[in-house]
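Before any comments, here is the structure.
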Amino acid sequence: MIVEVALPVPLRGGFDYLLPEGQPTPTPGCRVRVPFGSRQLSGVVVTIKQDSEQPTAKLRQLSAVLDHQPILSERLLEWLNWASRYYQHPLGDVISTALPARLRKGDAATIQQTCWQLTETGLAQDSQSLKRAPQQQALVERLQSGRCDARTLKQAFSATVIRALEEKGLIETVEDEYVADTDWPQRIHICGQLTPNLEQSLAITAVNNHAQGFQCFLLEGVTGSGKTEVYLQTIAPLLKQGRQILILVPEIGLTPQTVARFEQRFGIEVAVLHSGLTDKERLRVWQQAGLGEVGIIIGTRSAIFTPLANPGMIIVDEEHDGSYKQQDGWRYHARDLAVVRARMEKVPLILGSATPSLETLNNALGSRYQHLSLGKRAGGANAVKHQVLDIKGQALDYGLAKGMQQRIRLHLQQGHQVMLFINRRGFAPALICHQCGHVEECHRCERSFTLHRQLKKLQCHHCGDAKVVPHRCAACGHPDLQPVGMGTEQLEQGIQRIFPDYSAMRIDSDSARGKQKLHGLLEEINQGKSQLLIGTQILAKGHHFPRVSLVVILDVDSALFSADYRAAEHLAQLITQVAGRAGRAQIQGELWLQTHNPGHPLLQDLLNNGYQHFARLALKERQFAALPPYSYQALFRAEAVDGNLAYGFLEQVKACLQPTDITLIGPLPALMEKRQGRYRMQLLLQSDKRTGIQQWLSNMMSNIEKLPLANKVRWSLDMDPMDFT
DNA sequence: AGCACGCCGACT
DNA sequence: GTCGGCGTGCTC
């Protein structure tokens with residue numbers, strides 16, 4: 001008997017071990033301890049087989065079996081196996097990321113609990129002898145039918161009765177396996193349900209009609225259109241059947257209010273998984289969910305790995321949010337994993353967003369997902385006015401045009417707050433003519449060149465072509481060529497100089513490190529402590545700023561001409577989200593965009609026709625350029641102190657390839673060429689068929705690992721890359 | 001990823 | 001003489 005074990009090491013494939021004589025065979029999904037080189041590791045059994053490809057002499061014996069029952073169900077194990085193959089990431093590492101830290105370390109997976117049982121004297125005793133103590137008699141009679149856990153017994157009998165019997169030596173405590181408490185469905189009390197409008201009703205009915213099997217839904221609804229109400233009403237019947245609901249939310253969206261809304265509606269406790277939990281708390285939620293003790297689990301990215309005893313539905317809220325993609329180690333996408341998991345669990349999946357990702361929208365338009373729309377904005381809040389400021393040829397102070405400064409001053413004088421956005425995501429400066437707005441483009445691809453200052457050249461991240469930095473604009477001949485977005489870096493220091501009478505506050509992921517800290521800062525903003533708010537994406541997500549009347553997005557062009565082809569999509573999502581958040585109630589909100597290209601078709605479409613229309617146009621562009629979701633990508637990243645090594649490694653990878661139906665771009669410098677003293681390079685694989693990339697990679701990964709430079713550089717593979725920095 | 005092995009330089 | 005620096009190679 002051979003046991004194949006997945007171990008948390010960055011090595012592909014399982015490791016085979018012999019089962020010691022007399023040891024009961026563990027089932028797949030059980031943890032085991034095994035000798036590995038000079039150390040002992042715990043891993044998870046993936047298969048039991050008759051023979052091994054390894055010579056038997058090389059095999060070592062299993063040291064111990066840690067679980068009697070598998071900690072991963074067959075279905076979950078199958079899902080993780082699929083994920084390992086899809087992401088080309090070692091199974092042991094995949095399983096290890098999916099498990100709570102405590103289980104990784106070898107803690108007991110089962111919950112122990114204290115039980116009361118009759119002692120030997122208690123068993124021998126005739127209960128009639130307790131006739132004068134009817135409570136005690138009843139307790140003994142109860143235990144005659146078997147032991148009972150301390151918690152339940154305490155509810156039925158007083159502590160005095162229990163103590164008395166213990167002192168008489170008739171009952172004793174014993175540690176026993178925990179009996180799950182799964183009567184939450186009976187405790188459900190629906191409270192505060194709203195009457196759905198027509199669109200909500202249609203959405204609820206559509207989901208209910210498919211609630212018993214797999215079906216993917218895109219619930220597209222603007223801010224305030226009542227997506228949450230649709231979630232609440234579609235999960236109600238499932239919860240009553242005792243089926244569990246797993247809800248994923250973006251990192252920033254997991255607030256006490258979100259949780260409270262679900263708890264209030266159903267009157268049951270909601271289990272929450274977020275980064276603030278201790279390992280012990282996290283394990284507890286994992287166990288409770290796996291035992292079926294909780295009906296609703298809300299969590300961020302990694303909550304997708306929560307086991308469910310009786311799954312009913314998965315919801316991914318704000319599905320376009322970038323925080324669903326893990327950005328180091330195993331670079332999984334929780335939304336994509338959710339789709340596969342829902343299919344395997346045979347449950348419906350709702351992807352909700354006001355600004356769906358183009359990937360999801362494409363699936364909905366292609367009828368792979370059912371498309372549900374909520375258009376009406378409840379409450380009729382004032383629409384935010386969108387306006388564009390052409391900054392061609394204008395003098396800029398720290399990235400702000402003079403006219404914009406006046407506008408800002410006006411709003412400040414009225415006692416309102418002003419929010420300034422710097423969009424640094426996927427930042428890759430293009431070279432723009434400040435006089436005419438012309439952007440240097442690659443002639444082959446009709447896409448903007450990216451300026452790499454260190455290499456002193458322009459590089460096309462679409463085809464890999466490069467050229468020297470020109471000194472004059474190719475369109476108007478003017479020498480005023482500038483990297484897009486230049487100057488905005490100094491905005492934080494400069495803004496105080498332009499508006500010395502007002503206080504400015506910067507909010508980004510650094511200044512808001514830690515959950516509490518962000519909430520504290522937001523509190524301060526809404527109290528009006530600062531009038532000028534400078535921030536990035538983080539300000540746009542899920543917060544309301546009633547005192548803000550003017551929002552300015554400074555460097556729209558850096559998104560329109562980024563080498564990251566998703567930058568325009570993200571800008572559109574940002575603009576739409578911001579518009580939904582600022583200037584509520586009495587204050588008329590204004591949104592201003594600074595650009596050299598007011599006529600840019602994507603920008604115009606977004607402003608005139610809204611996100612839904614923009615998204616469809618952007619999809620057409622992607623299709624035309626054969627970019628995702630009309631093609632599939634995988635990205636090799638390599639970094640090293642010596643940039644030539646990183647480049648050399650990717651060249652070797654490239655040489656492994658017999659280009660058939662895969663296009664290779666690179667090796668190219670990453671959009672952020674250097675980080676922490678290391679040069680970073682990338683090699684992009686692209687194909688119009690997913691299987692092409694899959695097949696080539698599964699054949700080649702072991703060869704790539706053996707390349708001479710493979711252990712000289714830090715490298716990784718990113719399936720469906722979202723970020724090219 | 002760890003961890004051992006191994007081969008060179010500066011210390012009680 | 002030894003302690004320890006981190007390059008190389010292996011782990012069923």
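Letters for chains follow the order of the structure tokens (A, B, ...), residue numbers begin at 1 for each chain, and ligand numbers begin at 1 in the order shown.
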
Quick one: which residues from chain C are at most 8 Å off chain A, using only C-alpha atoms (C1' of nucleotides), as a ChimeraX atom specification? /C:10-12

Export of prior selection with all heavy atoms as a PDB file, in the first residue's frame:
ATOM      1  P    DC C  10      21.628  16.762  -6.393  1.00  0.00           P
ATOM      2  OP1  DC C  10      22.576  15.667  -6.699  1.00  0.00           O
ATOM      3  OP2  DC C  10      20.902  17.433  -7.492  1.00  0.00           O
ATOM      4  O5'  DC C  10      20.552  16.212  -5.365  1.00  0.00           O
ATOM      5  C5'  DC C  10      20.983  15.626  -4.129  1.00  0.00           C
ATOM      6  C4'  DC C  10      19.868  15.770  -3.119  1.00  0.00           C
ATOM      7  O4'  DC C  10      19.689  17.168  -2.805  1.00  0.00           O
ATOM      8  C3'  DC C  10      18.509  15.264  -3.625  1.00  0.00           C
ATOM      9  O3'  DC C  10      18.061  14.232  -2.781  1.00  0.00           O
ATOM     10  C2'  DC C  10      17.600  16.493  -3.562  1.00  0.00           C
ATOM     11  C1'  DC C  10      18.319  17.386  -2.573  1.00  0.00           C
ATOM     12  N1   DC C  10      18.029  18.842  -2.749  1.00  0.00           N
ATOM     13  C2   DC C  10      17.575  19.596  -1.648  1.00  0.00           C
ATOM     14  O2   DC C  10      17.432  19.030  -0.552  1.00  0.00           O
ATOM     15  N3   DC C  10      17.321  20.911  -1.808  1.00  0.00           N
ATOM     16  C4   DC C  10      17.496  21.486  -3.015  1.00  0.00           C
ATOM     17  N4   DC C  10      17.240  22.787  -3.105  1.00  0.00           N
ATOM     18  C5   DC C  10      17.950  20.739  -4.134  1.00  0.00           C
ATOM     19  C6   DC C  10      18.210  19.446  -3.969  1.00  0.00           C
ATOM     20  P    DT C  11      16.879  13.263  -3.306  1.00  0.00           P
ATOM     21  OP1  DT C  11      17.405  11.893  -3.240  1.00  0.00           O
ATOM     22  OP2  DT C  11      16.298  13.774  -4.547  1.00  0.00           O
ATOM     23  O5'  DT C  11      15.808  13.451  -2.131  1.00  0.00           O
ATOM     24  C5'  DT C  11      16.250  13.572  -0.783  1.00  0.00           C
ATOM     25  C4'  DT C  11      15.197  14.342  -0.011  1.00  0.00           C
ATOM     26  O4'  DT C  11      15.239  15.733  -0.364  1.00  0.00           O
ATOM     27  C3'  DT C  11      13.773  13.868  -0.283  1.00  0.00           C
ATOM     28  O3'  DT C  11      13.118  13.698   0.955  1.00  0.00           O
ATOM     29  C2'  DT C  11      13.144  15.024  -1.051  1.00  0.00           C
ATOM     30  C1'  DT C  11      13.924  16.214  -0.549  1.00  0.00           C
ATOM     31  N1   DT C  11      13.996  17.361  -1.479  1.00  0.00           N
ATOM     32  C2   DT C  11      13.845  18.644  -0.965  1.00  0.00           C
ATOM     33  O2   DT C  11      13.640  18.855   0.202  1.00  0.00           O
ATOM     34  N3   DT C  11      13.947  19.642  -1.895  1.00  0.00           N
ATOM     35  C4   DT C  11      14.187  19.487  -3.257  1.00  0.00           C
ATOM     36  O4   DT C  11      14.265  20.465  -3.983  1.00  0.00           O
ATOM     37  C5   DT C  11      14.337  18.136  -3.714  1.00  0.00           C
ATOM     38  C7   DT C  11      14.586  17.873  -5.174  1.00  0.00           C
ATOM     39  C6   DT C  11      14.233  17.132  -2.820  1.00  0.00           C
ATOM     40  P    DC C  12      12.606  12.265   1.315  1.00  0.00           P
ATOM     41  OP1  DC C  12      11.289  12.425   1.919  1.00  0.00           O
ATOM     42  OP2  DC C  12      13.684  11.518   2.007  1.00  0.00           O
ATOM     43  O5'  DC C  12      12.470  11.670  -0.132  1.00  0.00           O
ATOM     44  C5'  DC C  12      12.049  10.351  -0.351  1.00  0.00           C
ATOM     45  C4'  DC C  12      10.608  10.141  -0.007  1.00  0.00           C
ATOM     46  O4'  DC C  12       9.790  11.042  -0.798  1.00  0.00           O
ATOM     47  C3'  DC C  12      10.112   8.764  -0.371  1.00  0.00           C
ATOM     48  O3'  DC C  12       9.024   8.404   0.428  1.00  0.00           O
ATOM     49  C2'  DC C  12       9.748   8.899  -1.818  1.00  0.00           C
ATOM     50  C1'  DC C  12       9.239  10.322  -1.909  1.00  0.00           C
ATOM     51  N1   DC C  12       9.680  11.047  -3.146  1.00  0.00           N
ATOM     52  C2   DC C  12       8.874  10.967  -4.298  1.00  0.00           C
ATOM     53  O2   DC C  12       7.843  10.281  -4.246  1.00  0.00           O
ATOM     54  N3   DC C  12       9.271  11.617  -5.415  1.00  0.00           N
ATOM     55  C4   DC C  12      10.393  12.345  -5.412  1.00  0.00           C
ATOM     56  N4   DC C  12      10.707  12.982  -6.543  1.00  0.00           N
ATOM     57  C5   DC C  12      11.211  12.431  -4.259  1.00  0.00           C
ATOM     58  C6   DC C  12      10.832  11.785  -3.151  1.00  0.00           C
TER      59       DC C  12
END

Considering only C-alpha atoms (C1' of nucleotides), return as a PyMOL selection string whatever protein or nucleic-acid residues lie within 6 Å of region 331-340 of chain A, sequence-local ones (same chain, fewer than 6 positions apart) excluded. chain A and resi 301+324-325

Please provide as a ChimeraX atom specification all residues within 12 Å of DT8 (chain C), with the sequence filter that same-chain residues fewer than 5 positions apart are discarded (counting only C-alpha atoms (C1' of nucleotides)). /A:711-712 /B:4-7

Chain B residues within 10 Å of chain A, counting only C-alpha atoms (C1' of nucleotides): which ones, as a count of residues only? 4

Any chance you could list, as a VMD selection string, the residues in region 198-316 of chain A that come up strand (DSSP E) when DSSP is run on the backbone? chain A and resid 215 to 221 244 to 248 270 to 273 296 to 299 311 to 316

Pull C-alpha atoms from the residues just selected and write them as a PDB file, in the first residue's frame.
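The resulting file, out-v5.pdb, is shown below:
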ATOM      1  CA  GLN A 215     -25.974  28.547 -12.504  1.00  0.00           C
ATOM      2  CA  CYS A 216     -23.904  31.681 -12.653  1.00  0.00           C
ATOM      3  CA  PHE A 217     -25.569  35.083 -12.427  1.00  0.00           C
ATOM      4  CA  LEU A 218     -24.231  38.531 -13.061  1.00  0.00           C
ATOM      5  CA  LEU A 219     -26.203  40.960 -10.939  1.00  0.00           C
ATOM      6  CA  GLU A 220     -25.399  44.323 -12.466  1.00  0.00           C
ATOM      7  CA  GLY A 221     -26.753  47.176 -10.429  1.00  0.00           C
ATOM      8  CA  GLN A 244     -25.277  27.482   3.858  1.00  0.00           C
ATOM      9  CA  ILE A 245     -24.385  30.709   2.064  1.00  0.00           C
ATOM     10  CA  LEU A 246     -20.814  31.802   1.419  1.00  0.00           C
ATOM     11  CA  ILE A 247     -20.398  35.503   0.683  1.00  0.00           C
ATOM     12  CA  LEU A 248     -17.156  37.033  -0.541  1.00  0.00           C
ATOM     13  CA  VAL A 270     -23.093  35.337  10.808  1.00  0.00           C
ATOM     14  CA  ALA A 271     -19.574  33.899  10.760  1.00  0.00           C
ATOM     15  CA  VAL A 272     -16.978  36.436   9.631  1.00  0.00           C
ATOM     16  CA  LEU A 273     -13.560  35.753   8.134  1.00  0.00           C
ATOM     17  CA  ILE A 296     -23.948  32.535   6.581  1.00  0.00           C
ATOM     18  CA  ILE A 297     -20.208  32.991   6.191  1.00  0.00           C
ATOM     19  CA  ILE A 298     -18.917  36.388   5.042  1.00  0.00           C
ATOM     20  CA  GLY A 299     -15.261  36.777   4.253  1.00  0.00           C
ATOM     21  CA  PRO A 311     -23.726  24.473   0.539  1.00  0.00           C
ATOM     22  CA  GLY A 312     -26.631  26.502  -0.830  1.00  0.00           C
ATOM     23  CA  MET A 313     -25.163  29.446  -2.707  1.00  0.00           C
ATOM     24  CA  ILE A 314     -22.004  31.482  -3.254  1.00  0.00           C
ATOM     25  CA  ILE A 315     -22.102  35.262  -3.674  1.00  0.00           C
ATOM     26  CA  VAL A 316     -19.162  37.378  -4.817  1.00  0.00           C
TER      27      VAL A 316
END

Correct to one decimal, the distance CA of Val140 (chain A)-CA of Ile171 (chain A) is 8.1 Å

Could you pull out the alpha helix (DSSP H) residues of region 411-585 of chain A from DSSP and send them as an NGL selection string? :A and (411-413 or 491-498 or 515-527 or 556-560 or 567-579)

Exercise: region 683-692 of chain A partners within 8 Å, only C-alpha atoms (C1' of nucleotides), chain neighbours under 3 positions left out, as a ChimeraX atom specification: /A:626,630-637,650,654,661-668,695-696

Which residues come within 10 Å of DC3 (chain C), counting only C-alpha atoms (C1' of nucleotides), excluding same-chain residues fewer than 6 positions away, as a ChimeraX atom specification? /B:10-12

Env of region 521-528 of chain A: 8 Å cut, atoms = only C-alpha atoms (C1' of nucleotides), seq-sep filter 5 positions within chain, self excluded. Answer as a PyMOL selection string. chain A and resi 417+507+512+545-547

Could you pull the residues within 8 Å of His274 (chain A), counting only C-alpha atoms (C1' of nucleotides), minus those fewer than 4 positions along the same chain, as a ChimeraX atom specification? /A:251,254,299-300

Atoms to include: C-alpha atoms. Write the selected residues as a PDB file, in the first residue's frame.
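Contents of the output file part30.pdb:
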ATOM      1  CA  GLU A 251     -11.069  43.587   1.691  1.00  0.00           C
ATOM      2  CA  LEU A 254     -16.119  43.929   5.131  1.00  0.00           C
ATOM      3  CA  GLY A 299     -15.261  36.777   4.253  1.00  0.00           C
ATOM      4  CA  THR A 300     -12.586  38.243   2.052  1.00  0.00           C
TER       5      THR A 300
END

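Taking CA of Glu293 (chain A) and CA of Ile268 (chain A) as the two end points, the separation is 10.9 Å.
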